[in-house]
>>> print(open('target-v1.txt').read())   # compact mmCIF, C-alpha atoms and all ligand atoms
# COMPACT_ATOMS: atom_id res chain seq x y z
CA MET A 183 16.94 -14.21 -35.73
CA MET A 184 13.35 -15.18 -34.90
CA LYS A 185 12.08 -13.95 -31.54
CA ARG A 186 9.52 -16.20 -29.85
CA ILE A 187 7.28 -14.56 -27.27
CA GLY A 188 4.67 -16.15 -25.04
CA MET A 189 1.76 -14.15 -23.62
CA LEU A 190 -0.82 -14.86 -20.94
CA THR A 191 -3.42 -13.06 -18.83
CA SER A 192 -3.92 -14.36 -15.30
CA GLY A 193 -6.19 -13.64 -12.34
CA GLY A 194 -9.40 -11.61 -12.32
CA ASP A 195 -9.85 -9.87 -15.66
CA CYS A 196 -10.28 -6.15 -16.19
CA GLN A 197 -10.79 -3.68 -18.98
CA ALA A 198 -7.85 -2.93 -21.34
CA LEU A 199 -6.15 -6.34 -21.14
CA ASN A 200 -6.64 -6.66 -24.89
CA ALA A 201 -5.40 -3.11 -25.45
CA ALA A 202 -2.22 -3.88 -23.48
CA MET A 203 -1.52 -7.11 -25.43
CA ARG A 204 -2.15 -5.26 -28.69
CA GLY A 205 0.36 -2.62 -27.57
CA VAL A 206 3.04 -5.28 -27.04
CA ALA A 207 2.26 -7.08 -30.30
CA LYS A 208 2.13 -3.97 -32.49
CA THR A 209 5.44 -2.75 -31.11
CA LEU A 210 7.05 -6.12 -31.81
CA TYR A 211 5.51 -6.62 -35.27
CA ASN A 212 6.32 -3.04 -36.31
CA SER A 213 9.95 -3.40 -35.26
CA GLY A 214 10.73 -5.24 -38.47
CA GLU A 215 12.20 -8.15 -36.52
CA ALA A 216 10.92 -11.65 -37.16
CA VAL A 217 8.53 -12.37 -34.29
CA GLU A 218 6.27 -15.25 -33.30
CA ILE A 219 3.77 -14.68 -30.50
CA TYR A 220 2.20 -17.62 -28.71
CA GLY A 221 -0.92 -17.01 -26.63
CA PHE A 222 -1.48 -19.26 -23.63
CA LEU A 223 -5.12 -19.89 -22.84
CA ASP A 224 -6.70 -19.24 -19.43
CA GLY A 225 -3.67 -17.83 -17.67
CA TYR A 226 -1.04 -20.05 -16.06
CA GLN A 227 -3.28 -23.06 -16.77
CA GLY A 228 -2.39 -22.73 -20.46
CA LEU A 229 1.31 -22.67 -19.63
CA ILE A 230 1.01 -25.61 -17.25
CA HIS A 231 -1.01 -27.80 -19.59
CA GLY A 232 0.55 -26.63 -22.86
CA LYS A 233 -2.68 -25.06 -24.14
CA PHE A 234 -1.60 -22.34 -26.57
CA ARG A 235 -2.16 -20.86 -29.98
CA LEU A 236 0.29 -19.28 -32.40
CA LEU A 237 -1.14 -15.80 -32.81
CA THR A 238 -1.10 -13.66 -35.92
CA TYR A 239 -1.22 -9.94 -36.59
CA ASP A 240 -4.99 -10.27 -37.15
CA ASP A 241 -5.52 -11.58 -33.62
CA PHE A 242 -4.51 -8.16 -32.33
CA SER A 243 -6.71 -6.20 -34.74
CA GLY A 244 -9.99 -4.70 -33.60
CA ILE A 245 -9.40 -5.47 -29.91
CA LEU A 246 -8.35 -2.06 -28.58
CA THR A 247 -11.84 -1.25 -27.37
CA LYS A 248 -12.89 -4.72 -26.23
CA GLY A 249 -13.13 -5.60 -22.55
CA GLY A 250 -12.13 -8.97 -21.11
CA THR A 251 -9.19 -10.92 -22.54
CA PHE A 252 -9.25 -12.79 -25.82
CA LEU A 253 -6.85 -15.36 -24.30
CA GLY A 254 -9.13 -16.13 -21.34
CA SER A 255 -8.02 -15.95 -17.73
CA SER A 256 -8.17 -18.01 -14.55
CA ARG A 257 -6.97 -17.88 -11.00
CA THR A 258 -4.08 -20.18 -10.11
CA PRO A 259 -3.34 -19.18 -6.50
CA PHE A 260 0.35 -18.68 -5.73
CA LYS A 261 0.08 -20.78 -2.58
CA THR A 262 -0.77 -23.81 -4.76
CA ILE A 263 1.90 -23.24 -7.41
CA GLN A 264 4.61 -25.27 -5.69
CA VAL A 265 2.18 -27.85 -4.31
CA ILE A 266 1.70 -31.11 -6.17
CA GLU A 267 -2.04 -31.80 -6.04
CA SER A 268 -4.12 -34.90 -6.83
CA ASP A 269 -3.37 -34.63 -10.58
CA GLY A 270 0.31 -35.27 -9.74
CA ILE A 271 1.48 -32.34 -11.89
CA ASP A 272 4.56 -30.38 -10.84
CA LYS A 273 3.22 -27.01 -12.03
CA VAL A 274 6.52 -25.13 -11.98
CA ALA A 275 8.32 -27.88 -13.91
CA ALA A 276 5.44 -28.09 -16.39
CA MET A 277 5.51 -24.33 -17.04
CA LYS A 278 9.26 -24.42 -17.60
CA GLN A 279 8.90 -27.37 -19.92
CA THR A 280 6.32 -25.57 -22.08
CA TYR A 281 8.56 -22.47 -22.20
CA TYR A 282 11.63 -24.43 -23.29
CA LYS A 283 9.74 -26.71 -25.67
CA LEU A 284 8.49 -23.65 -27.59
CA GLN A 285 11.99 -22.14 -27.37
CA LEU A 286 10.54 -18.91 -26.03
CA ASP A 287 12.76 -15.85 -25.63
CA CYS A 288 10.37 -14.21 -23.21
CA LEU A 289 7.03 -14.62 -21.51
CA VAL A 290 4.79 -11.57 -21.19
CA ILE A 291 2.48 -11.91 -18.19
CA LEU A 292 -0.43 -9.57 -17.53
CA GLY A 293 -1.73 -9.76 -14.00
CA GLY A 294 -2.19 -8.44 -10.50
CA ASN A 295 -0.72 -9.32 -7.13
CA GLY A 296 -0.97 -13.11 -7.09
CA THR A 297 0.10 -13.29 -10.72
CA HIS A 298 3.23 -11.27 -9.94
CA LYS A 299 4.32 -13.68 -7.21
CA THR A 300 4.26 -16.54 -9.70
CA ALA A 301 5.89 -14.39 -12.39
CA ASN A 302 8.74 -13.62 -9.99
CA LEU A 303 9.09 -17.30 -9.15
CA LEU A 304 9.40 -18.11 -12.86
CA ARG A 305 12.06 -15.38 -13.14
CA GLN A 306 13.95 -16.97 -10.24
CA GLU A 307 13.67 -20.28 -12.10
CA GLY A 308 15.56 -18.70 -14.99
CA LEU A 309 12.79 -17.70 -17.43
CA ASN A 310 12.82 -14.32 -19.18
CA ILE A 311 9.75 -12.51 -17.89
CA ILE A 312 8.13 -9.13 -18.55
CA THR A 313 4.90 -8.24 -16.76
CA LEU A 314 2.20 -5.63 -17.13
CA PRO A 315 0.23 -4.25 -14.16
CA LYS A 316 -3.40 -5.24 -14.49
CA THR A 317 -6.12 -4.77 -11.88
CA ILE A 318 -9.13 -2.64 -11.12
CA ASP A 319 -7.88 -2.56 -7.50
CA ASN A 320 -4.81 -0.39 -8.30
CA ASP A 321 -3.00 -2.16 -5.47
CA LEU A 322 0.19 -3.23 -7.26
CA TRP A 323 3.39 -2.02 -5.72
CA GLY A 324 5.84 -0.16 -7.96
CA THR A 325 3.37 1.66 -10.20
CA ASP A 326 1.31 4.76 -9.56
CA MET A 327 -1.51 3.19 -11.52
CA THR A 328 -2.65 -0.11 -12.99
CA PHE A 329 -4.73 -0.46 -16.13
CA GLY A 330 -8.37 -1.31 -15.55
CA PHE A 331 -8.51 1.02 -12.58
CA GLN A 332 -9.79 4.13 -14.38
CA SER A 333 -12.43 2.12 -16.25
CA ALA A 334 -13.62 0.58 -12.99
CA VAL A 335 -13.73 4.03 -11.38
CA ASN A 336 -16.04 5.07 -14.22
CA VAL A 337 -18.38 2.09 -13.68
CA ALA A 338 -18.49 2.46 -9.90
CA THR A 339 -19.04 6.22 -10.22
CA GLU A 340 -21.91 5.64 -12.59
CA ALA A 341 -23.47 3.27 -10.05
CA ILE A 342 -23.18 5.94 -7.35
CA ASP A 343 -24.63 8.56 -9.75
CA CYS A 344 -27.65 6.35 -10.42
CA ILE A 345 -28.17 5.71 -6.73
CA HIS A 346 -27.95 9.43 -6.02
CA THR A 347 -31.10 10.29 -7.94
CA THR A 348 -33.25 7.53 -6.45
CA ALA A 349 -31.86 8.15 -2.95
CA ALA A 350 -32.78 11.83 -3.30
CA SER A 351 -36.32 11.01 -4.43
CA HIS A 352 -36.99 8.63 -1.57
CA GLY A 353 -34.95 10.27 1.15
CA ARG A 354 -32.98 7.12 1.83
CA VAL A 355 -29.58 6.19 3.12
CA PHE A 356 -27.79 4.17 0.46
CA ILE A 357 -24.63 2.11 0.59
CA VAL A 358 -22.84 1.39 -2.67
CA GLU A 359 -20.34 -1.40 -2.12
CA VAL A 360 -17.26 -1.01 -4.28
CA MET A 361 -14.69 -3.71 -5.19
CA GLY A 362 -11.00 -3.40 -4.42
CA HIS A 363 -10.17 -6.50 -2.41
CA LYS A 364 -8.02 -5.36 0.53
CA VAL A 365 -7.47 -1.75 -0.59
CA GLY A 366 -9.59 1.36 -0.97
CA TRP A 367 -8.35 3.08 -4.14
CA LEU A 368 -11.44 2.32 -6.18
CA THR A 369 -13.86 3.28 -3.40
CA LEU A 370 -11.98 6.47 -2.59
CA ASN A 371 -11.90 7.64 -6.20
CA ALA A 372 -15.40 6.55 -7.20
CA GLY A 373 -16.73 7.86 -3.89
CA MET A 374 -15.21 11.28 -4.45
CA ALA A 375 -16.27 11.33 -8.11
CA GLY A 376 -19.82 10.36 -7.21
CA GLY A 377 -20.11 12.86 -4.36
CA ALA A 378 -20.45 10.26 -1.60
CA ASP A 379 -20.93 11.74 1.86
CA ILE A 380 -19.18 8.89 3.65
CA ILE A 381 -16.34 6.73 2.31
CA LEU A 382 -15.24 3.64 4.20
CA ILE A 383 -12.00 1.96 3.13
CA PRO A 384 -9.90 -0.85 4.65
CA GLU A 385 -6.96 1.46 5.33
CA ILE A 386 -9.07 3.65 7.65
CA PRO A 387 -11.07 1.45 10.06
CA TYR A 388 -14.47 2.97 10.83
CA ASP A 389 -16.33 3.64 14.05
CA ILE A 390 -20.00 2.87 13.34
CA ASP A 391 -21.12 5.52 15.87
CA LYS A 392 -19.20 8.18 13.96
CA VAL A 393 -20.77 7.03 10.70
CA ALA A 394 -24.23 7.21 12.30
CA LYS A 395 -23.44 10.66 13.72
CA LYS A 396 -22.51 11.99 10.28
CA ILE A 397 -25.81 10.74 8.84
CA ARG A 398 -27.81 12.27 11.68
CA GLU A 399 -26.00 15.60 11.29
CA ARG A 400 -26.73 15.66 7.56
CA HIS A 401 -30.39 14.98 8.16
CA GLU A 402 -30.60 17.58 10.92
CA LYS A 403 -29.21 20.12 8.46
CA GLY A 404 -31.98 19.27 6.03
CA SER A 405 -30.43 16.66 3.70
CA ARG A 406 -32.99 14.05 2.75
CA PHE A 407 -30.50 11.36 1.87
CA THR A 408 -26.97 10.10 2.45
CA ILE A 409 -24.69 8.14 0.15
CA LEU A 410 -22.01 5.85 1.51
CA ALA A 411 -19.30 4.37 -0.71
CA VAL A 412 -18.13 1.31 1.18
CA ALA A 413 -15.16 -0.79 0.09
CA GLU A 414 -15.80 -4.54 0.07
CA GLY A 415 -12.81 -4.79 2.43
CA ALA A 416 -13.95 -2.04 4.83
CA ILE A 417 -13.34 -2.94 8.45
CA SER A 418 -14.54 -1.57 11.77
CA LYS A 419 -12.14 -0.33 14.45
CA GLU A 420 -13.04 -3.32 16.67
CA ASP A 421 -12.46 -5.84 13.89
CA ALA A 422 -9.17 -4.19 12.98
CA LYS A 423 -7.95 -5.01 16.50
CA LEU A 424 -8.60 -8.74 16.03
CA SER A 425 -5.76 -11.06 15.14
CA LYS A 426 -5.80 -12.51 11.61
CA LYS A 427 -7.01 -15.81 13.08
CA GLU A 428 -9.80 -14.20 15.12
CA TYR A 429 -10.97 -12.15 12.12
CA LYS A 430 -11.02 -15.23 9.89
CA LYS A 431 -13.13 -16.97 12.53
CA LYS A 432 -15.57 -14.07 12.58
CA LEU A 433 -15.90 -14.21 8.78
CA ALA A 434 -16.40 -17.98 8.85
CA ASN A 435 -19.57 -17.47 10.92
CA TYR A 436 -20.62 -14.25 9.20
CA LYS A 437 -24.36 -14.00 8.60
CA TYR A 438 -24.17 -11.16 6.05
CA PRO A 439 -23.41 -11.46 2.32
CA SER A 440 -20.78 -8.74 2.77
CA VAL A 441 -19.71 -5.96 5.14
CA SER A 442 -22.16 -3.42 3.66
CA TYR A 443 -25.14 -5.43 4.89
CA GLU A 444 -23.73 -5.49 8.41
CA ILE A 445 -23.17 -1.73 8.28
CA ALA A 446 -26.69 -1.21 6.88
CA GLU A 447 -28.26 -3.18 9.72
CA GLN A 448 -26.26 -1.31 12.35
CA LEU A 449 -27.09 2.09 10.83
CA ALA A 450 -30.79 1.32 10.51
CA LYS A 451 -30.82 0.46 14.23
CA LYS A 452 -28.80 3.49 15.25
CA CYS A 453 -30.45 6.11 13.03
CA GLY A 454 -33.86 4.65 12.29
CA PHE A 455 -33.49 5.34 8.57
CA ASP A 456 -34.28 3.12 5.65
CA VAL A 457 -30.81 1.87 4.59
CA ARG A 458 -30.41 0.12 1.22
CA VAL A 459 -27.39 -1.65 -0.23
CA THR A 460 -26.36 -1.77 -3.88
CA VAL A 461 -23.49 -3.97 -5.03
CA PRO A 462 -22.36 -3.30 -8.61
CA GLY A 463 -19.95 -6.24 -8.23
CA HIS A 464 -18.31 -7.59 -11.36
CA THR A 465 -19.82 -4.92 -13.60
CA GLN A 466 -16.86 -2.89 -12.31
CA ARG A 467 -14.51 -5.19 -14.21
CA GLY A 468 -16.63 -5.46 -17.32
CA GLY A 469 -17.36 -3.60 -20.51
CA SER A 470 -15.10 -1.48 -22.69
CA PRO A 471 -11.99 0.18 -21.35
CA CYS A 472 -12.37 3.94 -20.93
CA PRO A 473 -10.27 6.15 -23.24
CA TYR A 474 -7.71 6.76 -20.48
CA ASP A 475 -7.14 3.02 -20.06
CA ARG A 476 -6.92 2.43 -23.80
CA VAL A 477 -4.08 4.94 -24.05
CA PHE A 478 -2.46 3.89 -20.78
CA ALA A 479 -2.50 0.15 -21.54
CA SER A 480 -1.24 0.79 -25.07
CA ARG A 481 1.69 2.78 -23.66
CA LEU A 482 2.50 0.09 -21.10
CA GLY A 483 2.33 -2.54 -23.83
CA SER A 484 4.57 -0.53 -26.12
CA LYS A 485 7.16 -0.13 -23.36
CA ALA A 486 7.05 -3.88 -22.74
CA GLY A 487 7.65 -4.45 -26.46
CA GLN A 488 10.67 -2.12 -26.35
CA LEU A 489 12.14 -3.95 -23.35
CA ILE A 490 11.78 -7.27 -25.19
CA LEU A 491 13.46 -5.88 -28.29
CA ASP A 492 16.29 -4.56 -26.08
CA GLY A 493 16.63 -7.95 -24.38
CA GLU A 494 15.80 -6.54 -20.94
CA PHE A 495 13.93 -9.02 -18.77
CA GLY A 496 12.82 -9.50 -15.18
CA TYR A 497 10.75 -6.32 -15.00
CA MET A 498 7.21 -5.12 -14.58
CA VAL A 499 6.41 -2.10 -16.71
CA GLY A 500 5.14 0.51 -14.29
CA TYR A 501 4.07 4.14 -14.36
CA ARG A 502 5.76 6.66 -12.16
CA LYS A 503 5.71 10.45 -12.37
CA ARG A 504 3.94 10.28 -15.74
CA GLU A 505 6.60 8.06 -17.30
CA MET A 506 6.68 4.38 -18.23
CA VAL A 507 9.39 2.74 -16.15
CA LYS A 508 10.82 -0.74 -15.60
CA VAL A 509 10.48 -2.02 -12.06
CA PRO A 510 12.43 -5.13 -10.97
CA LEU A 511 10.00 -8.00 -10.40
CA GLU A 512 11.54 -8.89 -7.04
CA GLU A 513 10.55 -5.41 -5.80
CA VAL A 514 6.92 -5.85 -6.89
CA ALA A 515 6.12 -9.42 -5.88
CA GLY A 516 4.24 -9.88 -2.63
CA LYS A 517 3.76 -6.20 -1.80
CA LEU A 518 0.52 -4.25 -1.72
CA LYS A 519 0.15 -0.56 -2.51
CA MET A 520 -2.41 0.78 -0.06
CA VAL A 521 -4.07 4.15 0.45
CA ASP A 522 -2.06 6.15 2.99
CA PRO A 523 -4.57 7.55 5.53
CA GLU A 524 -2.28 10.60 5.81
CA SER A 525 -2.09 11.18 2.05
CA SER A 526 -3.19 14.48 0.56
CA ILE A 527 -6.15 12.97 -1.29
CA VAL A 528 -7.62 11.71 2.01
CA LYS A 529 -6.95 15.06 3.69
CA GLU A 530 -8.56 16.92 0.78
CA ALA A 531 -11.57 14.61 0.85
CA LYS A 532 -11.98 15.37 4.55
CA LEU A 533 -11.77 19.11 3.82
CA LEU A 534 -14.64 18.61 1.39
CA GLY A 535 -16.68 17.30 4.30
CA ILE A 536 -16.43 13.60 3.44
CA SER A 537 -16.42 11.38 6.51
CA PHE A 538 -14.22 8.30 6.68
CA GLY A 539 -15.91 7.20 9.88
CA ASP A 540 -12.65 7.57 11.84
O1 LIG B 1 -8.84 -8.20 -8.02
C1 LIG B 1 -9.95 -7.83 -8.75
C2 LIG B 1 -11.21 -8.20 -8.02
O2 LIG B 1 -12.31 -7.80 -8.82
C3 LIG B 1 -11.34 -7.63 -6.62
O3 LIG B 1 -11.71 -6.28 -6.62
C4 LIG B 1 -12.35 -8.57 -6.02
O4 LIG B 1 -12.19 -8.64 -4.62
C5 LIG B 1 -12.01 -9.88 -6.66
O5 LIG B 1 -11.30 -9.58 -7.85
C6 LIG B 1 -13.21 -10.74 -7.00
O6 LIG B 1 -12.73 -11.95 -7.44
P1 LIG B 1 -13.58 -13.03 -8.25
O7 LIG B 1 -13.71 -12.52 -9.65
O8 LIG B 1 -12.74 -14.25 -8.18
O9 LIG B 1 -14.90 -13.13 -7.58
>>> encode(input="target-v1.txt", output="structure tokens")
Amino acid sequence: MMKRIGMLTSGGDCQALNAAMRGVAKTLYNSGEAVEIYGFLDGYQGLIHGKFRLLTYDDFSGILTKGGTFLGSSRTPFKTIQVIESDGIDKVAAMKQTYYKLQLDCLVILGGNGTHKTANLLRQEGLNIITLPKTIDNDLWGTDMTFGFQSAVNVATEAIDCIHTTAASHGRVFIVEVMGHKVGWLTLNAGMAGGADIILIPEIPYDIDKVAKKIRERHEKGSRFTILAVAEGAISKEDAKLSKKEYKKKLANYKYPSVSYEIAEQLAKKCGFDVRVTVPGHTQRGGSPCPYDRVFASRLGSKAGQLILDGEFGYMVGYRKREMVKVPLEEVAGKLKMVDPESSIVKEAKLLGISFGD
């Protein structure tokens, strides 16, 4: 009997989305079963508004190495999913209608945290769902790693490497601001890979005086420059004490483009050094997936294909202890995987002399 599968990519893109979809498609097409794959355009928007395309084998050819997503993506925040807005559309009902109209057997959803909340809601509404863990932030619960992460580590590391040489020439203090939303995986890994002297991540609130002290000590010992890898979500000890409401208020009146500029200003005052900020920004999500991600996303995709063929739904394909595993969606949705300040990687980084400003 014909199997009809829907596929969509939602939220911020990352490298290896195409590789993951190709992994699913190849596994399904190669199974010998009759399969139709429908691609929804621009994430949940395609499902809501019935914007889709019947895909063919050729759509999945030549895309292993291509960044971005050939289906397009968009952000449809979970908090708005059950809200009927000015267009009068009941989004959940519309998504279900599209699914049933196409007589889908399963919907494959590639996304990060927000995407998983909606995916779980659709599962609760009775749809057959399989998800794949996408994000450069590596913050999805239930999987040791997400695809996109290793590629982003490469880009961010390269940025730090480039800054290293110019910082050394000029004897400057440089901050490289790394993405990661509310978590520090990307900053921690790129920072260590790029030989940063100071790494500031949201999970370990910093004391600006300790950061300044580390820079002064380095310079007293003869180092001409200092490199800081600062997560976009880095937070000071004082700010970490604020309530959510108070912190939001502070950000609403914030005069800096991002936290790195505030840190730079404070450090320049405290140490008297020339402090520069570099923000690689969305380059971290762009370009080709690294070889690790190509293999990893292909494996995740293949496992998703197997689950579909076995009729097993309601899972995210995750990676634990070097194996592809199925993780119930209700366990994943709404939870963040953060860096544990007591984890061995943080302890080892500290032994290497890296300061976390704590
Ligand atoms: O979740 C991926 C991510 O790149 C985060 O690291 C970052 O905070 C956010 O998306 C940026 O979002 P946008 O692309 O909407 O600016």
>>> closest_atom_pairs(input="target-v1.txt", of="chain A", to="ligand LIG 1 (chain B)", cutoff="6 Å", atoms="only C-alpha atoms and all ligand atoms", output="Markdown table")
| residue | atom | partner | partner_atom | distance |
| --- | --- | --- | --- | --- |
| A:Gly194 | CA | B:LIG1 | O7 | 5.2 |
| A:Thr317 | CA | B:LIG1 | C1 | 5.8 |
| A:Ile318 | CA | B:LIG1 | C1 | 5.8 |
| A:Asp319 | CA | B:LIG1 | O3 | 5.4 |
| A:Met361 | CA | B:LIG1 | O3 | 4.2 |
| A:Gly362 | CA | B:LIG1 | O3 | 3.7 |
| A:His363 | CA | B:LIG1 | O4 | 3.7 |
>>> write_last_selection(input="target-v1.txt", atoms="C-alpha atoms", output="PDB file, in the frame of the given file")
ATOM      1  CA  GLY A 194      -9.400 -11.610 -12.320  1.00  0.00           C
ATOM      2  CA  THR A 317      -6.120  -4.770 -11.880  1.00  0.00           C
ATOM      3  CA  ILE A 318      -9.130  -2.640 -11.120  1.00  0.00           C
ATOM      4  CA  ASP A 319      -7.880  -2.560  -7.500  1.00  0.00           C
ATOM      5  CA  MET A 361     -14.690  -3.710  -5.190  1.00  0.00           C
ATOM      6  CA  GLY A 362     -11.000  -3.400  -4.420  1.00  0.00           C
ATOM      7  CA  HIS A 363     -10.170  -6.500  -2.410  1.00  0.00           C
TER       8      HIS A 363
END
>>> atom_distance(input="target-v1.txt", atom1="CA of Ile380 (chain A)", atom2="CA of Val358 (chain A)")
10.5 Å
>>> residues_around(input="target-v1.txt", residues="Val355 (chain A)", least_positions_apart="4", cutoff="10 Å", atoms="only C-alpha atoms", output="ChimeraX atom specification")
/A:345-346,349-350,397,406-410,446,449-450,453,455-459
>>> closest_residue(input="target-v1.txt", among="A:Ile245, A:Val290, A:Met183, A:Ile230", to="Lys273 (chain A)", atoms="all atoms listed in the file")
A:Ile230
>>> closest_residue(input="target-v1.txt", among="A:Thr297, A:Thr348, A:Thr251, A:Gln448", to="Tyr226 (chain A)", atoms="only C-alpha atoms")
A:Thr297
>>> atom_distance(input="target-v1.txt", atom1="CA of Ala375 (chain A)", atom2="CA of Lys395 (chain A)")
23.0 Å
>>> residues_around(input="target-v1.txt", residues="Ser418 (chain A)", least_positions_apart="5", cutoff="6 Å", atoms="only C-alpha atoms", output="PDB file with C-alpha atoms, keeping the file's coordinate frame")
ATOM      1  CA  PRO A 387     -11.070   1.450  10.060  1.00  0.00           C
ATOM      2  CA  TYR A 388     -14.470   2.970  10.830  1.00  0.00           C
ATOM      3  CA  ASP A 389     -16.330   3.640  14.050  1.00  0.00           C
TER       4      ASP A 389
END
>>> atom_distance(input="target-v1.txt", atom1="CA of Ser480 (chain A)", atom2="CA of Met374 (chain A)")
27.0 Å
>>> closest_atom_pairs(input="target-v1.txt", of="region 302-382 of chain A", to="region 484-489 of chain A", cutoff="12 Å", atoms="only C-alpha atoms", output="tab-separated table")
residue	atom	partner	partner_atom	distance
A:Asn310	CA	A:Leu489	CA	11.2
A:Ile311	CA	A:Ala486	CA	10.3
A:Ile312	CA	A:Ala486	CA	6.8
A:Thr313	CA	A:Ala486	CA	7.7
A:Leu314	CA	A:Ala486	CA	7.6
A:Pro315	CA	A:Ala486	CA	11.0
>>> closest_residue(input="target-v1.txt", among="A:Met189, A:Leu253, A:Val337, A:Val274", to="Thr465 (chain A)", atoms="all atoms listed in the file")
A:Val337
>>> residues_around(input="target-v1.txt", residues="Leu304 (chain A)", least_positions_apart="3", cutoff="12 Å", atoms="only C-alpha atoms", output="PyMOL selection string")
chain A and resi 226+229+260+263-264+273-279+281+288-291+297-301+307-313+495-496+511-512+515
>>> write_last_selection(input="target-v1.txt", atoms="C-alpha atoms", output="tab-separated table (two decimals), keeping the file's coordinate frame")
chain	number	residue	atom	x	y	z
A	226	TYR	CA	-1.04	-20.05	-16.06
A	229	LEU	CA	1.31	-22.67	-19.63
A	260	PHE	CA	0.35	-18.68	-5.73
A	263	ILE	CA	1.90	-23.24	-7.41
A	264	GLN	CA	4.61	-25.27	-5.69
A	273	LYS	CA	3.22	-27.01	-12.03
A	274	VAL	CA	6.52	-25.13	-11.98
A	275	ALA	CA	8.32	-27.88	-13.91
A	276	ALA	CA	5.44	-28.09	-16.39
A	277	MET	CA	5.51	-24.33	-17.04
A	278	LYS	CA	9.26	-24.42	-17.60
A	279	GLN	CA	8.90	-27.37	-19.92
A	281	TYR	CA	8.56	-22.47	-22.20
A	288	CYS	CA	10.37	-14.21	-23.21
A	289	LEU	CA	7.03	-14.62	-21.51
A	290	VAL	CA	4.79	-11.57	-21.19
A	291	ILE	CA	2.48	-11.91	-18.19
A	297	THR	CA	0.10	-13.29	-10.72
A	298	HIS	CA	3.23	-11.27	-9.94
A	299	LYS	CA	4.32	-13.68	-7.21
A	300	THR	CA	4.26	-16.54	-9.70
A	301	ALA	CA	5.89	-14.39	-12.39
A	307	GLU	CA	13.67	-20.28	-12.10
A	308	GLY	CA	15.56	-18.70	-14.99
A	309	LEU	CA	12.79	-17.70	-17.43
A	310	ASN	CA	12.82	-14.32	-19.18
A	311	ILE	CA	9.75	-12.51	-17.89
A	312	ILE	CA	8.13	-9.13	-18.55
A	313	THR	CA	4.90	-8.24	-16.76
A	495	PHE	CA	13.93	-9.02	-18.77
A	496	GLY	CA	12.82	-9.50	-15.18
A	511	LEU	CA	10.00	-8.00	-10.40
A	512	GLU	CA	11.54	-8.89	-7.04
A	515	ALA	CA	6.12	-9.42	-5.88
>>> closest_residue(input="target-v1.txt", among="A:Gly193, A:Thr369, A:Thr460, A:Phe234", to="Asn295 (chain A)", atoms="only C-alpha atoms")
A:Gly193
>>> closest_residue(input="target-v1.txt", among="A:Pro439, A:Pro473, A:Pro510, A:Gly377", to="Leu534 (chain A)", atoms="only C-alpha atoms")
A:Gly377
>>> closest_residue(input="target-v1.txt", among="A:Val441, A:Arg398, A:Gly225, A:Val521", to="Leu368 (chain A)", atoms="only C-alpha atoms")
A:Val521
>>> residues_around(input="target-v1.txt", residues="region 197-206 of chain A", least_positions_apart="3", cutoff="7 Å", atoms="all atoms listed in the file", output="PDB file with C-alpha atoms, in the coordinates of the input")
ATOM      1  CA  THR A 209       5.440  -2.750 -31.110  1.00  0.00           C
ATOM      2  CA  LEU A 210       7.050  -6.120 -31.810  1.00  0.00           C
ATOM      3  CA  PHE A 242      -4.510  -8.160 -32.330  1.00  0.00           C
ATOM      4  CA  ILE A 245      -9.400  -5.470 -29.910  1.00  0.00           C
ATOM      5  CA  LEU A 246      -8.350  -2.060 -28.580  1.00  0.00           C
ATOM      6  CA  THR A 247     -11.840  -1.250 -27.370  1.00  0.00           C
ATOM      7  CA  LYS A 248     -12.890  -4.720 -26.230  1.00  0.00           C
ATOM      8  CA  GLY A 249     -13.130  -5.600 -22.550  1.00  0.00           C
ATOM      9  CA  GLY A 250     -12.130  -8.970 -21.110  1.00  0.00           C
ATOM     10  CA  THR A 251      -9.190 -10.920 -22.540  1.00  0.00           C
ATOM     11  CA  PHE A 252      -9.250 -12.790 -25.820  1.00  0.00           C
ATOM     12  CA  PHE A 329      -4.730  -0.460 -16.130  1.00  0.00           C
ATOM     13  CA  GLY A 330      -8.370  -1.310 -15.550  1.00  0.00           C
ATOM     14  CA  SER A 333     -12.430   2.120 -16.250  1.00  0.00           C
ATOM     15  CA  ARG A 467     -14.510  -5.190 -14.210  1.00  0.00           C
ATOM     16  CA  GLY A 468     -16.630  -5.460 -17.320  1.00  0.00           C
ATOM     17  CA  GLY A 469     -17.360  -3.600 -20.510  1.00  0.00           C
ATOM     18  CA  SER A 470     -15.100  -1.480 -22.690  1.00  0.00           C
ATOM     19  CA  PRO A 471     -11.990   0.180 -21.350  1.00  0.00           C
ATOM     20  CA  ASP A 475      -7.140   3.020 -20.060  1.00  0.00           C
ATOM     21  CA  ARG A 476      -6.920   2.430 -23.800  1.00  0.00           C
ATOM     22  CA  ALA A 479      -2.500   0.150 -21.540  1.00  0.00           C
ATOM     23  CA  SER A 480      -1.240   0.790 -25.070  1.00  0.00           C
ATOM     24  CA  ARG A 481       1.690   2.780 -23.660  1.00  0.00           C
ATOM     25  CA  LEU A 482       2.500   0.090 -21.100  1.00  0.00           C
ATOM     26  CA  GLY A 483       2.330  -2.540 -23.830  1.00  0.00           C
ATOM     27  CA  SER A 484       4.570  -0.530 -26.120  1.00  0.00           C
ATOM     28  CA  ALA A 486       7.050  -3.880 -22.740  1.00  0.00           C
ATOM     29  CA  GLY A 487       7.650  -4.450 -26.460  1.00  0.00           C
TER      30      GLY A 487
END
>>> residues_near_point(input="target-v1.txt", point="(-6.1, 6.5, 7.0)", cutoff="9 Å", atoms="only C-alpha atoms", output="list in words")
Ile383, Pro384, Glu385, Ile386, Pro387, Val521, Asp522, Pro523, Glu524, Ser525, Val528, Phe538 and Asp540 of chain A
>>> residues_around(input="target-v1.txt", residues="Lys316 (chain A)", least_positions_apart="5", cutoff="6 Å", atoms="all atoms listed in the file", output="mmCIF file with C-alpha atoms, in the frame of the given file")
data_model
loop_
_atom_site.group_PDB
_atom_site.id
_atom_site.type_symbol
_atom_site.label_atom_id
_atom_site.label_comp_id
_atom_site.auth_asym_id
_atom_site.auth_seq_id
_atom_site.Cartn_x
_atom_site.Cartn_y
_atom_site.Cartn_z
ATOM 1 C CA GLY A 293 -1.730 -9.760 -14.000
ATOM 2 C CA GLY A 294 -2.190 -8.440 -10.500
ATOM 3 C CA THR A 328 -2.650 -0.110 -12.990
ATOM 4 C CA PHE A 329 -4.730 -0.460 -16.130
#
